[in-house]
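J.: Sharing coords23.csv here; it has CSV, C-alpha atoms.
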```csv
chain,number,residue,atom,x,y,z
T,1,MET,CA,0.0,0.0,0.0
T,2,ARG,CA,1.2,3.5,-0.9
T,3,GLU,CA,1.0,6.0,1.9
T,4,TYR,CA,1.0,9.8,1.8
T,5,ARG,CA,1.0,12.4,4.5
T,6,ILE,CA,-1.1,15.5,3.7
T,7,ALA,CA,-0.9,18.8,5.6
T,8,ALA,CA,-4.5,20.3,5.7
T,9,ILE,CA,-4.8,24.0,6.3
T,10,PRO,CA,-8.5,24.8,6.2
T,11,ALA,CA,-7.9,28.5,7.1
T,12,ASP,CA,-10.7,31.0,6.7
T,13,GLY,CA,-14.4,31.5,5.6
T,14,ILE,CA,-15.7,28.5,3.8
T,15,GLY,CA,-12.2,26.9,3.8
T,16,PRO,CA,-13.0,24.6,6.7
T,17,GLU,CA,-16.3,23.5,5.2
T,18,VAL,CA,-14.8,22.5,1.8
T,19,ILE,CA,-11.6,21.0,3.2
T,20,ASP,CA,-13.7,18.9,5.6
T,21,ALA,CA,-15.7,17.8,2.5
T,22,GLY,CA,-12.6,17.1,0.5
T,23,ILE,CA,-11.0,15.0,3.3
T,24,ALA,CA,-14.3,13.0,3.6
T,25,VAL,CA,-14.2,12.2,-0.1
T,26,LEU,CA,-10.5,11.4,-0.2
T,27,LYS,CA,-11.0,9.0,2.8
T,28,ALA,CA,-13.9,7.3,1.0
T,29,LEU,CA,-11.8,7.0,-2.1
T,30,ALA,CA,-8.8,5.5,-0.3
T,31,GLY,CA,-11.1,3.1,1.6
T,32,GLN,CA,-12.8,1.9,-1.6
T,33,ARG,CA,-9.5,1.4,-3.5
T,34,GLY,CA,-7.5,-0.2,-0.8
T,35,ASP,CA,-4.2,0.5,-2.5
T,36,ILE,CA,-3.5,4.0,-1.1
T,37,ARG,CA,-3.5,5.4,2.4
T,38,LEU,CA,-3.9,9.1,3.1
T,39,ASP,CA,-3.0,10.5,6.5
T,40,PHE,CA,-4.1,14.1,7.3
T,41,ASP,CA,-2.6,16.5,9.8
T,42,LEU,CA,-4.7,19.6,10.4
T,43,PHE,CA,-3.1,23.1,11.0
T,44,ASP,CA,-5.3,25.9,12.5
T,45,TRP,CA,-3.4,28.7,10.8
T,46,GLY,CA,-5.3,31.6,9.4
T,47,THR,CA,-7.0,34.8,10.6
T,48,ASP,CA,-8.2,33.3,13.8
T,49,TYR,CA,-4.7,32.3,14.5
T,50,TYR,CA,-3.6,35.8,13.6
T,51,LYS,CA,-6.0,37.4,16.1
T,52,ARG,CA,-4.5,35.2,18.8
T,53,HIS,CA,-0.8,35.4,17.9
T,54,GLY,CA,-0.3,38.4,15.6
T,55,VAL,CA,0.9,36.2,12.7
T,56,MET,CA,-0.9,34.0,10.2
T,57,MET,CA,1.4,31.0,10.8
T,58,PRO,CA,4.2,30.3,13.3
T,59,ALA,CA,7.8,31.2,12.5
T,60,ASP,CA,8.6,27.5,12.0
T,61,GLY,CA,5.6,26.8,9.8
T,62,LEU,CA,7.6,26.0,6.7
T,63,ASP,CA,9.8,23.6,8.6
T,64,ARG,CA,6.7,21.8,9.9
T,65,LEU,CA,5.2,21.6,6.4
T,66,ARG,CA,8.4,20.4,4.7
T,67,LYS,CA,8.0,16.8,5.8
T,68,PHE,CA,4.6,16.3,4.1
T,69,ASP,CA,3.9,14.9,0.6
T,70,ALA,CA,1.4,17.7,-0.2
T,71,ILE,CA,-0.5,20.6,1.3
T,72,TYR,CA,-4.3,20.8,1.0
T,73,PHE,CA,-5.3,24.4,1.5
T,74,GLY,CA,-8.8,25.9,2.0
T,75,ALA,CA,-9.0,29.7,1.6
T,76,VAL,CA,-7.5,32.8,3.2
T,77,GLY,CA,-9.0,36.2,4.0
T,78,ALA,CA,-11.3,37.9,6.5
T,79,VAL,CA,-13.5,41.0,6.5
T,80,ASP,CA,-11.7,42.4,9.5
T,81,VAL,CA,-8.1,41.8,8.6
T,82,PRO,CA,-6.4,43.6,5.7
T,83,ASP,CA,-6.1,41.3,2.6
T,84,HIS,CA,-2.4,41.9,2.2
T,85,VAL,CA,-1.8,40.7,5.7
T,86,THR,CA,-3.7,37.5,5.2
T,87,LEU,CA,-2.3,36.7,1.8
T,88,TRP,CA,1.3,37.5,2.4
T,89,GLY,CA,1.2,36.0,5.8
T,90,LEU,CA,0.1,32.5,4.8
T,91,ARG,CA,-0.6,31.5,1.2
T,92,LEU,CA,2.1,33.5,-0.5
T,93,LYS,CA,4.5,32.7,2.4
T,94,ILE,CA,4.1,29.0,1.6
T,95,CYS,CA,4.1,29.5,-2.2
T,96,GLN,CA,7.3,31.6,-2.2
T,97,GLY,CA,9.0,29.7,0.7
T,98,PHE,CA,8.6,26.4,-1.2
T,99,ASP,CA,9.3,28.0,-4.6
T,100,GLN,CA,6.0,26.7,-6.0
T,101,TYR,CA,6.6,28.7,-9.2
T,102,ALA,CA,4.0,27.0,-11.4
T,103,ASN,CA,0.3,27.7,-10.5
T,104,VAL,CA,-1.8,25.4,-12.6
T,105,ARG,CA,-5.5,26.0,-13.1
T,106,PRO,CA,-7.5,23.5,-15.3
T,107,THR,CA,-10.8,24.7,-16.5
T,108,ARG,CA,-13.6,22.8,-18.3
T,109,ILE,CA,-17.3,22.6,-18.2
T,110,LEU,CA,-18.5,19.8,-16.0
T,111,PRO,CA,-21.5,17.7,-17.0
T,112,GLY,CA,-24.7,19.3,-15.7
T,113,ILE,CA,-23.2,22.7,-15.2
T,114,ALA,CA,-24.2,25.4,-17.7
T,115,SER,CA,-21.8,27.9,-19.1
T,116,PRO,CA,-23.0,31.6,-19.4
T,117,LEU,CA,-21.7,31.4,-23.0
T,118,GLY,CA,-24.5,30.6,-25.3
T,119,GLY,CA,-24.1,27.4,-27.2
T,120,VAL,CA,-21.0,26.3,-25.4
T,121,ARG,CA,-21.2,22.8,-23.9
T,122,ALA,CA,-19.0,20.3,-22.1
T,123,GLY,CA,-16.0,19.7,-24.3
T,124,ASP,CA,-16.0,23.1,-26.0
T,125,LEU,CA,-14.1,24.7,-23.2
T,126,ASP,CA,-11.2,22.6,-21.9
T,127,TRP,CA,-8.2,24.8,-20.9
T,128,VAL,CA,-5.3,24.7,-18.5
T,129,ILE,CA,-3.9,28.1,-17.4
T,130,VAL,CA,-0.3,28.1,-16.2
T,131,ARG,CA,0.4,31.1,-14.0
T,132,GLU,CA,3.9,32.2,-13.1
T,133,ASN,CA,3.7,32.0,-9.4
T,134,SER,CA,6.9,33.4,-7.9
T,135,GLU,CA,7.7,36.9,-9.3
T,136,GLY,CA,6.2,39.2,-11.9
T,137,GLU,CA,3.7,41.7,-10.6
T,138,TYR,CA,3.4,39.9,-7.2
T,139,SER,CA,7.1,39.8,-6.4
T,140,GLY,CA,6.6,42.0,-3.4
T,141,ALA,CA,9.2,44.5,-4.6
T,142,GLY,CA,8.4,48.1,-3.9
T,143,GLY,CA,7.4,50.3,-1.0
T,144,ARG,CA,5.8,53.5,0.3
T,145,VAL,CA,7.5,56.7,1.3
T,146,HIS,CA,6.2,59.9,2.9
T,147,GLN,CA,3.1,58.1,4.2
T,148,GLY,CA,0.2,60.3,5.0
T,149,LEU,CA,1.6,63.3,3.3
T,150,PRO,CA,0.4,64.8,0.0
T,151,GLU,CA,3.5,63.7,-1.8
T,152,GLU,CA,3.1,60.0,-0.6
T,153,VAL,CA,4.3,57.5,-3.2
T,154,GLY,CA,3.4,53.8,-3.4
T,155,MET,CA,5.3,51.6,-5.8
T,156,ASP,CA,4.9,47.9,-6.7
T,157,VAL,CA,7.7,46.8,-9.1
T,158,ALA,CA,7.0,43.9,-11.5
T,159,VAL,CA,10.1,41.7,-11.5
T,160,PHE,CA,10.9,39.4,-14.4
T,161,THR,CA,14.0,37.3,-14.3
T,162,ARG,CA,15.4,35.2,-17.1
T,163,VAL,CA,15.5,32.1,-14.9
T,164,GLY,CA,11.9,32.7,-13.7
T,165,VAL,CA,10.5,33.2,-17.2
T,166,GLU,CA,12.4,30.4,-18.8
T,167,ARG,CA,11.3,27.9,-16.2
T,168,ILE,CA,7.6,28.7,-16.4
T,169,MET,CA,7.8,28.7,-20.2
T,170,ARG,CA,9.4,25.3,-20.3
T,171,TYR,CA,6.8,24.1,-17.8
T,172,ALA,CA,3.9,25.4,-20.0
T,173,PHE,CA,5.4,24.0,-23.2
T,174,ARG,CA,5.9,20.6,-21.6
T,175,LEU,CA,2.3,20.7,-20.3
T,176,ALA,CA,1.0,21.6,-23.8
T,177,GLN,CA,3.1,18.9,-25.3
T,178,SER,CA,1.4,16.3,-23.0
T,179,ARG,CA,-2.1,17.3,-24.0
T,180,PRO,CA,-3.8,16.0,-27.2
T,181,ARG,CA,-3.9,19.4,-29.1
T,182,LYS,CA,-0.3,20.3,-28.3
T,183,PHE,CA,-1.2,24.0,-28.5
T,184,LEU,CA,0.0,26.8,-26.3
T,185,THR,CA,-1.1,30.5,-26.1
T,186,VAL,CA,1.4,32.9,-24.5
T,187,VAL,CA,-0.2,35.9,-23.0
T,188,THR,CA,1.7,39.2,-23.0
T,189,LYS,CA,1.4,42.9,-22.8
T,190,SER,CA,4.6,43.9,-24.5
T,191,ASN,CA,3.0,46.7,-26.5
T,192,ALA,CA,2.8,48.7,-23.3
T,193,GLN,CA,5.2,47.1,-20.9
T,194,ARG,CA,8.3,47.4,-23.0
T,195,HIS,CA,11.0,45.9,-20.7
T,196,GLY,CA,9.9,42.8,-18.7
T,197,MET,CA,7.1,41.8,-21.1
T,198,VAL,CA,9.4,42.2,-24.2
T,199,MET,CA,11.8,39.8,-22.4
T,200,TRP,CA,8.9,37.5,-21.7
T,201,ASP,CA,8.1,37.4,-25.5
T,202,GLU,CA,11.8,36.8,-26.4
T,203,ILE,CA,12.1,33.9,-24.0
T,204,ALA,CA,8.9,32.4,-25.2
T,205,GLU,CA,10.3,32.4,-28.8
T,206,LYS,CA,13.6,30.9,-27.6
T,207,VAL,CA,12.0,28.1,-25.5
T,208,SER,CA,9.5,27.2,-28.3
T,209,ARG,CA,12.4,25.9,-30.4
T,210,GLU,CA,12.9,23.1,-27.8
T,211,PHE,CA,9.4,21.9,-28.5
T,212,PRO,CA,8.9,21.7,-32.3
T,213,ASP,CA,5.8,19.5,-31.9
T,214,VAL,CA,4.0,22.2,-30.0
T,215,THR,CA,2.1,24.9,-31.9
T,216,TRP,CA,1.9,28.2,-30.2
T,217,ASP,CA,0.6,31.7,-30.6
T,218,LYS,CA,0.9,35.0,-28.7
T,219,MET,CA,-2.0,37.2,-27.4
T,220,LEU,CA,-2.2,40.6,-25.7
T,221,VAL,CA,-3.9,40.1,-22.3
T,222,ASP,CA,-6.8,42.5,-23.1
T,223,ALA,CA,-7.5,40.8,-26.4
T,224,MET,CA,-7.2,37.5,-24.6
T,225,THR,CA,-10.3,38.3,-22.6
T,226,VAL,CA,-12.3,38.7,-25.8
T,227,ARG,CA,-10.9,35.5,-27.3
T,228,MET,CA,-11.8,33.5,-24.2
T,229,VAL,CA,-15.4,34.7,-24.4
T,230,LEU,CA,-16.0,34.7,-28.2
T,231,LYS,CA,-13.7,31.8,-29.3
T,232,PRO,CA,-13.2,29.4,-26.4
T,233,GLN,CA,-12.7,26.5,-28.7
T,234,SER,CA,-9.5,28.2,-30.1
T,235,LEU,CA,-7.7,27.8,-26.8
T,236,ASP,CA,-6.1,24.9,-24.9
T,237,THR,CA,-3.0,25.5,-22.7
T,238,ILE,CA,-2.3,29.1,-21.7
T,239,VAL,CA,0.7,30.7,-19.9
T,240,ALA,CA,0.7,34.1,-18.4
T,241,THR,CA,2.3,36.3,-15.7
T,242,ASN,CA,1.3,36.3,-12.1
T,243,LEU,CA,-1.2,39.1,-12.4
T,244,HIS,CA,-2.5,38.4,-15.8
T,245,ALA,CA,-3.2,34.7,-15.1
T,246,ASP,CA,-4.8,35.6,-11.7
T,247,VAL,CA,-7.4,37.6,-13.5
T,248,LEU,CA,-7.8,35.3,-16.6
T,249,SER,CA,-8.3,32.2,-14.5
T,250,ASP,CA,-11.2,33.8,-12.6
T,251,LEU,CA,-12.8,34.7,-15.9
T,252,ALA,CA,-12.2,31.1,-17.0
T,253,GLY,CA,-13.9,29.7,-14.0
T,254,ALA,CA,-16.9,32.0,-14.5
T,255,LEU,CA,-17.1,31.0,-18.2
T,256,ALA,CA,-17.1,27.3,-17.2
T,257,GLY,CA,-20.1,28.0,-14.9
T,258,SER,CA,-18.7,29.0,-11.5
T,259,ILE,CA,-15.5,29.7,-9.7
T,260,GLY,CA,-16.9,27.4,-7.1
T,261,VAL,CA,-15.8,24.4,-9.2
T,262,ALA,CA,-12.3,25.6,-10.2
T,263,PRO,CA,-9.1,24.0,-8.7
T,264,THR,CA,-5.6,25.2,-8.3
T,265,ALA,CA,-2.2,23.5,-8.0
T,266,ASN,CA,0.8,25.4,-6.7
T,267,ILE,CA,3.6,23.2,-8.0
T,268,ASP,CA,7.3,22.9,-7.3
T,269,PRO,CA,8.1,21.0,-10.5
T,270,GLU,CA,11.5,19.9,-9.2
T,271,ARG,CA,9.8,18.3,-6.1
T,272,ARG,CA,12.2,19.8,-3.6
T,273,PHE,CA,9.3,20.8,-1.4
T,274,PRO,CA,5.7,19.8,-1.0
T,275,SER,CA,3.3,21.3,-3.5
T,276,MET,CA,0.1,23.0,-2.4
T,277,PHE,CA,-3.4,22.4,-3.7
T,278,GLU,CA,-6.4,24.8,-3.2
T,279,PRO,CA,-9.7,25.7,-4.7
T,280,ILE,CA,-9.7,29.2,-6.3
T,281,HIS,CA,-13.0,30.5,-4.9
T,282,GLY,CA,-11.6,32.4,-1.9
T,283,SER,CA,-12.9,32.6,1.7
T,284,ALA,CA,-16.5,33.7,0.6
T,285,PHE,CA,-17.4,35.0,4.1
T,286,ASP,CA,-20.9,35.9,2.8
T,287,ILE,CA,-21.9,32.2,2.7
T,288,ALA,CA,-19.6,30.8,5.4
T,289,GLY,CA,-21.5,28.7,7.9
T,290,LYS,CA,-24.6,28.4,5.8
T,291,GLY,CA,-23.8,24.9,4.5
T,292,ILE,CA,-24.1,25.8,0.8
T,293,ALA,CA,-20.5,26.2,-0.1
T,294,ASN,CA,-19.7,24.4,-3.3
T,295,PRO,CA,-17.2,21.5,-2.5
T,296,VAL,CA,-16.6,20.6,-6.1
T,297,ALA,CA,-13.6,22.8,-6.4
T,298,SER,CA,-12.0,21.1,-3.4
T,299,PHE,CA,-12.8,17.7,-4.9
T,300,TRP,CA,-11.2,18.6,-8.2
T,301,THR,CA,-8.3,20.1,-6.4
T,302,ALA,CA,-7.9,16.8,-4.5
T,303,ALA,CA,-7.9,14.9,-7.8
T,304,GLU,CA,-5.1,17.2,-9.0
T,305,MET,CA,-3.2,16.5,-5.8
T,306,LEU,CA,-3.6,12.8,-6.3
T,307,GLY,CA,-2.3,13.1,-9.9
T,308,HIS,CA,0.8,15.0,-8.6
T,309,LEU,CA,1.5,12.3,-6.1
T,310,GLY,CA,1.5,9.8,-8.9
T,311,GLU,CA,-2.0,8.5,-8.3
T,312,ARG,CA,-3.6,9.6,-11.6
T,313,GLU,CA,-5.9,6.6,-11.7
T,314,ALA,CA,-7.3,7.5,-8.3
T,315,GLY,CA,-7.7,11.1,-9.3
T,316,ASP,CA,-9.5,10.1,-12.5
T,317,GLN,CA,-11.8,7.9,-10.4
T,318,LEU,CA,-12.6,10.8,-8.1
T,319,MET,CA,-13.4,13.1,-11.0
T,320,ARG,CA,-15.7,10.5,-12.6
T,321,ALA,CA,-17.7,10.4,-9.4
T,322,VAL,CA,-17.9,14.2,-9.2
T,323,GLU,CA,-19.1,14.4,-12.8
T,324,ARG,CA,-21.7,11.7,-12.2
T,325,VAL,CA,-23.1,13.7,-9.3
T,326,CYS,CA,-23.1,17.0,-11.2
T,327,GLU,CA,-24.8,15.4,-14.2
T,328,ALA,CA,-27.5,14.1,-11.8
T,329,GLY,CA,-28.2,17.7,-10.8
T,330,ILE,CA,-26.9,17.3,-7.2
T,331,MET,CA,-25.3,20.7,-7.0
T,332,THR,CA,-25.1,23.7,-4.7
T,333,PRO,CA,-27.0,27.0,-5.4
T,334,ASP,CA,-24.1,28.8,-7.1
T,335,VAL,CA,-24.5,26.4,-10.1
T,336,GLY,CA,-28.2,26.3,-10.1
T,337,GLY,CA,-28.9,23.4,-7.7
T,338,ASN,CA,-30.5,23.3,-4.3
T,339,ALA,CA,-28.2,20.8,-2.5
T,340,THR,CA,-26.1,21.5,0.6
T,341,THR,CA,-22.4,21.0,0.9
T,342,ARG,CA,-23.1,17.9,2.9
T,343,GLU,CA,-25.5,16.4,0.4
T,344,VAL,CA,-23.1,16.9,-2.5
T,345,THR,CA,-20.3,15.4,-0.5
T,346,GLU,CA,-22.4,12.3,0.5
T,347,ALA,CA,-23.5,11.9,-3.1
T,348,VAL,CA,-19.8,11.8,-4.3
T,349,CYS,CA,-18.9,9.4,-1.6
T,350,ASN,CA,-21.8,7.1,-2.7
T,351,ALA,CA,-20.7,7.4,-6.3
T,352,ILE,CA,-17.1,6.4,-5.3
T,353,ALA,CA,-18.5,3.3,-3.4
T,354,GLY,CA,-20.8,2.4,-6.4
T,355,ARG,CA,-23.9,3.0,-4.4
T,356,ASN,CA,-27.0,4.9,-5.4
T,357,ILE,CA,-25.9,8.6,-5.3
T,358,LEU,CA,-29.2,9.6,-3.8
T,359,ASP,CA,-28.9,7.2,-0.7
```
Would it be possible to restate this file's structure as structure tokens?
T.:
Amino acid sequence: MREYRIAAIPADGIGPEVIDAGIAVLKALAGQRGDIRLDFDLFDWGTDYYKRHGVMMPADGLDRLRKFDAIYFGAVGAVDVPDHVTLWGLRLKICQGFDQYANVRPTRILPGIASPLGGVRAGDLDWVIVRENSEGEYSGAGGRVHQGLPEEVGMDVAVFTRVGVERIMRYAFRLAQSRPRKFLTVVTKSNAQRHGMVMWDEIAEKVSREFPDVTWDKMLVDAMTVRMVLKPQSLDTIVATNLHADVLSDLAGALAGSIGVAPTANIDPERRFPSMFEPIHGSAFDIAGKGIANPVASFWTAAEMLGHLGEREAGDQLMRAVERVCEAGIMTPDVGGNATTREVTEAVCNAIAGRNILD
């Protein structure tokens, strides 16, 4: 039996609800299969921890996480704590501390979920967005001077390094190479950002020569939003900067029906450190505690985590169960259903076990 240790960080808002649901489904899957064992350690880091201790995670947090095979993350953010405190104090601290430089966000229309795009059905929209996850616009470089005075200045500096751009381009080209269409779109804004983004384009051209079997094109980020809406079938694998991909992936989730179903993988491709897997929907405090949070994103995220651990067959089995439940209409209100988080979770567990999903 293959055993894996998973660090679970539910964190804030609906995070605990969807991570609890994900753990229940993963345990059901492991129990049904019998060939894998998943052990979970829970960490109570987040805004409640911050209010008690003044930090989002303890000083030795990364050392404590280092021994795990993967990290299963919920969501971070609270209405009464500044967003930059919560994000930089936990999620980005882990991403940057473990050099999880590839943020991978698959998007497709699941059976039973309607896209807001008229005439677009399951199979018409099947993308993977690769987001550079370590530098760019979110490098953290910059500062503020003369605070509170009329001449106050705030600066955020977008940092693009050759090593950072080359490694994300190679990752994206390899991923495109592994997919049936072998097609990559490189998102840029080099018409206006004439230094870092011009280098981005030049490196894309250079790296592309290593992958002669991959067809690729280039798209300005503003035009890319139009293409995603009007010609979704023209896209497959997409690579973009930290900021651009952050925005585009939320658009992608909405076009697929709901960001409540969209997963994220924060990957260290060299496997020096554990990678982190999270749904993209955020803490959603407006529905926290109501029992209606969509757990599908956490299930899909769990499937991506299994694939990264080398258990692709188990991940595919989990996604088949999720698709069966969605196709049957057992869904939360954000995607047009009337089921609760618990009911969707129980239905997926039943599907995994081969039982009637309505039991």
J.: Out of T:Gly143, T:Pro279, T:Gly291, T:Gly154, which residue has the shortest atom-to-atom distance to Glu304 in chain T when counting all atoms listed in the file?
T.: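 Using all atoms listed in the file, the shortest distance to Glu304 in chain T belongs to T:Pro279.
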J.: Contacts of Ala284 in chain T at 10 Å or less, counting only C-alpha atoms, minus same-chain residues fewer than 5 places along, as a ChimeraX atom specification?
T.: /T:12-15,75-79,260,293
J.: Calculated over all atoms listed in the file, which of the candidates T:Glu151, T:Asp222, T:Glu278, T:Glu327 has the smallest distance to Gly74 in chain T?
T.: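 Under the stated criterion, the closest residue is T:Glu278.
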J.: What does the distance from CA of Phe277 in chain T to CA of Gly22 in chain T come to in Å, to one decimal?
T.: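 Atom-to-atom, CA of Phe277 in chain T and CA of Gly22 in chain T are spaced 11.4 Å apart.
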J.: For CA of Met57 in chain T and CA of Ala7 in chain T, determine how far apart the two atoms are, in Å to one decimal place.
T.: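 That distance, rounded to one decimal, is 13.5 Å.
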J.: Give me, please, the distance in Å between CA of Gly97 in chain T and CA of Arg272 in chain T, quoted to one decimal.
T.: 11.3 Å
J.: Pick out the closest residue to Ala21 in chain T from this set: T:Trp300, T:Gly307, T:Arg320, T:Ser190. Count all atoms listed in the file.
T.: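 Ranked by minimum distance to Ala21 in chain T, first place goes to T:Trp300.
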J.: Can you pull out the residues contacting Ala24 in chain T? Cut-off 10 Å, using all atoms listed in the file, and skip same-chain residues under 3 positions away; I want them as a count of residues only.
T.: 12
J.: Extract, using only C-alpha atoms, all DNA, RNA and protein residues at most 7 Å from range 111-127 of chain T, discarding same-chain residues fewer than 5 positions from it, and format them as an mmCIF file with C-alpha atoms, in the coordinates of the input.
T.:
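Written file, result29.cif:
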```
data_model
loop_
_atom_site.group_PDB
_atom_site.id
_atom_site.type_symbol
_atom_site.label_atom_id
_atom_site.label_comp_id
_atom_site.auth_asym_id
_atom_site.auth_seq_id
_atom_site.Cartn_x
_atom_site.Cartn_y
_atom_site.Cartn_z
ATOM 1 C CA PRO T 106 -7.500 23.500 -15.300
ATOM 2 C CA PRO T 232 -13.200 29.400 -26.400
ATOM 3 C CA GLN T 233 -12.700 26.500 -28.700
ATOM 4 C CA LEU T 235 -7.700 27.800 -26.800
ATOM 5 C CA ASP T 236 -6.100 24.900 -24.900
ATOM 6 C CA THR T 237 -3.000 25.500 -22.700
ATOM 7 C CA LEU T 255 -17.100 31.000 -18.200
ATOM 8 C CA ALA T 256 -17.100 27.300 -17.200
ATOM 9 C CA GLY T 257 -20.100 28.000 -14.900
ATOM 10 C CA GLU T 323 -19.100 14.400 -12.800
ATOM 11 C CA CYS T 326 -23.100 17.000 -11.200
ATOM 12 C CA GLU T 327 -24.800 15.400 -14.200
ATOM 13 C CA GLY T 329 -28.200 17.700 -10.800
ATOM 14 C CA VAL T 335 -24.500 26.400 -10.100
#
```
J.: Tell me which protein, DNA and RNA residues are within 10 Å of Val104 in chain T, counting all atoms listed in the file, leaving out same-chain ones fewer than 5 positions away, and put them as an NGL selection string.
T.: :T and (128-133 or 172 or 175 or 238-239 or 245 or 249 or 263-267 or 277 or 304)
J.: Report as a ChimeraX atom specification all protein, DNA and RNA residues lying within 10 Å of range 40-56 of chain T, evaluated on only C-alpha atoms, omitting residues in the same chain fewer than 6 positions from it.
T.: /T:4-13,16,23,27,64-65,68,70-81,85-91,93
J.: Choose the residue, out of T:Leu26, T:Met224, T:Val198, T:Ala252, that has the smallest atom-to-atom separation from Ala303 in chain T; count only C-alpha atoms.
T.: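 For Ala303 in chain T, the nearest of the candidates is T:Leu26.
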J.: Any chance you could build range 271-284 of chain T out to N, CA and C atoms and write it as a compact mmCIF listing (two decimals), in the frame of the given file?
T.:
```
# COMPACT_ATOMS: atom_id res chain seq x y z
N ARG T 271 10.16 19.17 -7.28
CA ARG T 271 9.80 18.30 -6.10
C ARG T 271 10.81 18.41 -4.99
N ARG T 272 11.36 19.60 -4.79
CA ARG T 272 12.20 19.80 -3.60
C ARG T 272 11.42 20.01 -2.37
N PHE T 273 10.21 20.51 -2.53
CA PHE T 273 9.30 20.80 -1.40
C PHE T 273 7.92 20.30 -1.74
N PRO T 274 7.05 20.21 -0.73
CA PRO T 274 5.70 19.80 -1.00
C PRO T 274 4.96 20.86 -1.84
N SER T 275 4.14 20.43 -2.76
CA SER T 275 3.30 21.30 -3.50
C SER T 275 1.97 21.55 -2.79
N MET T 276 1.28 22.63 -3.12
CA MET T 276 0.10 23.00 -2.40
C MET T 276 -1.12 23.09 -3.35
N PHE T 277 -2.26 22.55 -2.90
CA PHE T 277 -3.40 22.40 -3.70
C PHE T 277 -4.62 23.10 -3.06
N GLU T 278 -5.33 23.96 -3.81
CA GLU T 278 -6.40 24.80 -3.20
C GLU T 278 -7.47 25.08 -4.25
N PRO T 279 -8.72 25.20 -3.83
CA PRO T 279 -9.70 25.70 -4.70
C PRO T 279 -9.51 27.24 -4.89
N ILE T 280 -9.98 27.81 -6.02
CA ILE T 280 -9.70 29.20 -6.30
C ILE T 280 -10.72 30.18 -5.74
N HIS T 281 -11.81 29.67 -5.15
CA HIS T 281 -13.00 30.50 -4.90
C HIS T 281 -12.79 31.52 -3.75
N GLY T 282 -11.75 31.41 -2.96
CA GLY T 282 -11.60 32.40 -1.90
C GLY T 282 -12.39 32.00 -0.65
N SER T 283 -12.34 32.88 0.35
CA SER T 283 -12.90 32.60 1.70
C SER T 283 -14.46 32.75 1.69
N ALA T 284 -15.02 33.55 0.79
CA ALA T 284 -16.50 33.70 0.60
C ALA T 284 -17.22 33.80 1.96
```
